[in-house]
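K.L.:
Attaching a single structure in structure tokens format; questions to follow.
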Amino acid sequence: MSCSRRDFMAGMSAGALIMMTGAARANTRSLATTLAHSQTIDGVRYGMIHDETACIGCTACMDACREVNQVPEGVSRLEILRSGPIGEFPDAEYHFFRKSCQHCDNAPCVHVCPTGASHIREEDGIVDVNPDLCVGCMYCLAACPYQVRFINPVTKVADKCDFCRKTNLAAGKEPACVESCPTKALVFGNLDDPDSPIAKRLVKETTYRYKQALGTSPKMYRVPKGEITS
């Protein structure tokens with residue numbers, strides 16, 4: 001009976017998965033400092049700011065992402081999570097949190113990938129997936145501390161936000177979520193260009209990065225609404 005490479009990798013035992021991801025997480029910790037200083041990008045390193053004080057939770061960004069990138073039903077590259085209310089009516093407020101790929105400079109999903117399908121693009125710093133190399137083993141799903149990856153039910157390979165690299169960016173536009181936001185709560189651009197809007201904003205704004213204590217060096221920055229969560 002024949003068995004394809006993808007079938008073989010997808011059918012590997014849970015024990016092997018735990019062993020590999022555990023070792024990879026240890027390697028991530030030991031390599032965090034080294035990679036943060038040694039990785040070089042050719043003049044472009046894309047990142048994003050989510051202004052939680054401006055976000056109204058309308059989910060226009062989610063709808064635009066799904067439409068532009070043809071994301072299948074049942075999975076999502078981007079979610080806006082609501083928590084609250086804080087306070088009492090009529091002064092109650094909600095907190096809106098963006099859940100999507102953080103495009104980490106020190107990405108655990110890249111470290112555990114056995115085929116090189118998960119990688120950081122040298123030309124722009126985007127954490128991407130090569131569908132031709134992905135075998136659907138789900139190691140990257142287990143390793144991601146942000147739990148933002150999924151297996152695309154159509155392509156059967158790992159999928160996630162890629163800053164609209166193949167759609168809007170390829171057409172010279174900003175990511176769909178940025179274009180659709182009615183309150184301009186999202187800022188996208190080159191973190192390594194001091195004259196870019198995102199770099200200028202980071203200089204003057206108080207921001208935080210989710211779970212940055214893990215050493216992942218996420219390129220998703222957030223303007224906090226209320227207390228900062230590490």
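How things are named: the first chain in the structure tokens is A, the next is B, and so on; residues count from 1 in each chain; ligands count from 1 in the order shown.
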I'd like a table as JSON lines: residues in stretch 95-135 of chain A with an atom no more than 12 Å from stretch 189-205 of chain A, each row giving the shortest atom pair and its distance in Å to one decimal, only C-alpha atoms counted, sorted by chain and rising residue number.

P.N.:
{"residue": "A:Asp105", "atom": "CA", "partner": "A:Leu191", "partner_atom": "CA", "distance": 11.9}
{"residue": "A:Glu123", "atom": "CA", "partner": "A:Asn190", "partner_atom": "CA", "distance": 11.4}
{"residue": "A:Asp124", "atom": "CA", "partner": "A:Asn190", "partner_atom": "CA", "distance": 8.3}
{"residue": "A:Gly125", "atom": "CA", "partner": "A:Asn190", "partner_atom": "CA", "distance": 9.5}
{"residue": "A:Ile126", "atom": "CA", "partner": "A:Asn190", "partner_atom": "CA", "distance": 11.0}

K.L.:
Write the residues of the preceding selection, restricted to N, CA and C atoms, as a PDB file, in the first residue's frame.

P.N.:
ATOM      1  N   ASP A 105      10.069  37.967  14.900  1.00  0.00           N
ATOM      2  CA  ASP A 105      11.446  37.899  14.415  1.00  0.00           C
ATOM      3  C   ASP A 105      12.120  36.608  14.867  1.00  0.00           C
ATOM      4  N   GLU A 123      13.251  39.314   2.381  1.00  0.00           N
ATOM      5  CA  GLU A 123      13.023  40.594   1.731  1.00  0.00           C
ATOM      6  C   GLU A 123      12.106  41.539   2.489  1.00  0.00           C
ATOM      7  N   ASP A 124      11.307  41.007   3.449  1.00  0.00           N
ATOM      8  CA  ASP A 124      10.393  41.912   4.147  1.00  0.00           C
ATOM      9  C   ASP A 124      10.059  41.487   5.580  1.00  0.00           C
ATOM     10  N   GLY A 125      10.625  40.374   6.060  1.00  0.00           N
ATOM     11  CA  GLY A 125      10.407  39.962   7.448  1.00  0.00           C
ATOM     12  C   GLY A 125       9.073  39.308   7.717  1.00  0.00           C
ATOM     13  N   ILE A 126       8.255  39.081   6.687  1.00  0.00           N
ATOM     14  CA  ILE A 126       6.962  38.426   6.878  1.00  0.00           C
ATOM     15  C   ILE A 126       7.175  36.946   7.174  1.00  0.00           C
TER      16      ILE A 126
END

K.L.:
A:Ala185: which residues within 7 Å, counting only C-alpha atoms, same-chain residues fewer than 5 positions away excluded, as a list in words?

P.N.:
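Residues meeting the cut-off are His50, Asp51, Ala54 and Cys55 of chain A.
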
K.L.:
Please save C-alpha atoms of the selected residues as a PDB file, in the first residue's frame.

P.N.:
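Final output, saved to part.pdb:
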ATOM      1  CA  HIS A  50      -3.251  47.922  16.578  1.00  0.00           C
ATOM      2  CA  ASP A  51      -4.549  50.951  18.472  1.00  0.00           C
ATOM      3  CA  ALA A  54      -9.354  53.505  18.587  1.00  0.00           C
ATOM      4  CA  CYS A  55     -10.736  50.031  17.785  1.00  0.00           C
TER       5      CYS A  55
END

K.L.:
Rounded to one decimal in Å, what is the spacing between atom CA of A:Val71 and atom CA of A:Gly116?

P.N.:
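Separation between atom CA of A:Val71 and atom CA of A:Gly116: 23.1 Å.
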
K.L.:
So that I can check the surroundings of A:His103, please list as a VMD selection string every protein, DNA and RNA residue that reaches within 12 Å of it, counting only C-alpha atoms and ignoring chain neighbours fewer than 5 positions away.

P.N.:
chain A and resid 45 to 48 108 to 110 118 to 121 124 to 129 144 146 148 to 149 160 to 163 209 to 210 216 to 221

K.L.:
Report the distance between atom CA of A:Lys99 and atom CA of A:Pro145 in Å, rounded to one decimal place.

P.N.:
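So the two atoms, atom CA of A:Lys99 and atom CA of A:Pro145, lie 11.6 Å apart.
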
K.L.:
Between A:Val187, A:Val112, A:Ala142, A:Ala60, which residue has the minimum interatomic distance to A:Leu78, considering only C-alpha atoms?

P.N.:
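Using only C-alpha atoms, the shortest distance to A:Leu78 belongs to A:Ala60.
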
K.L.:
Quick one: distance from atom CA of A:Cys177 to atom CA of A:Glu67 in Å, one decimal?

P.N.:
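Interatomic distance, atom CA of A:Cys177 to atom CA of A:Glu67: 10.5 Å.
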
K.L.:
Looking only at the backbone, which of the residues in stretch 175-208 of chain A does DSSP tag as strand (DSSP E), as a PDB file with N, CA, C and O atoms, in the first residue's frame?

P.N.:
ATOM      1  N   LEU A 186      -5.441  50.747  12.729  1.00  0.00           N
ATOM      2  CA  LEU A 186      -4.320  49.923  12.288  1.00  0.00           C
ATOM      3  C   LEU A 186      -3.326  50.750  11.482  1.00  0.00           C
ATOM      4  O   LEU A 186      -3.712  51.529  10.598  1.00  0.00           O
ATOM      5  N   VAL A 187      -2.046  50.564  11.801  1.00  0.00           N
ATOM      6  CA  VAL A 187      -0.969  51.230  11.056  1.00  0.00           C
ATOM      7  C   VAL A 187      -0.002  50.148  10.609  1.00  0.00           C
ATOM      8  O   VAL A 187       0.468  49.347  11.416  1.00  0.00           O
ATOM      9  N   PHE A 188       0.310  50.133   9.318  1.00  0.00           N
ATOM     10  CA  PHE A 188       1.191  49.118   8.742  1.00  0.00           C
ATOM     11  C   PHE A 188       2.359  49.791   8.046  1.00  0.00           C
ATOM     12  O   PHE A 188       2.218  50.873   7.470  1.00  0.00           O
ATOM     13  N   GLY A 189       3.535  49.151   8.108  1.00  0.00           N
ATOM     14  CA  GLY A 189       4.661  49.721   7.388  1.00  0.00           C
ATOM     15  C   GLY A 189       5.986  49.098   7.763  1.00  0.00           C
ATOM     16  O   GLY A 189       6.052  48.084   8.468  1.00  0.00           O
ATOM     17  N   ASN A 190       7.049  49.759   7.305  1.00  0.00           N
ATOM     18  CA  ASN A 190       8.414  49.279   7.486  1.00  0.00           C
ATOM     19  C   ASN A 190       8.981  49.759   8.816  1.00  0.00           C
ATOM     20  O   ASN A 190       9.247  50.947   8.992  1.00  0.00           O
TER      21      ASN A 190
END

K.L.:
As an NGL selection string, please: every residue in stretch 7-220 of chain A that a backbone DSSP assignment puts in alpha helix (DSSP H).

P.N.:
:A and (7-10 or 14-38 or 60-69 or 108-112 or 139-143 or 176-180 or 197-204)
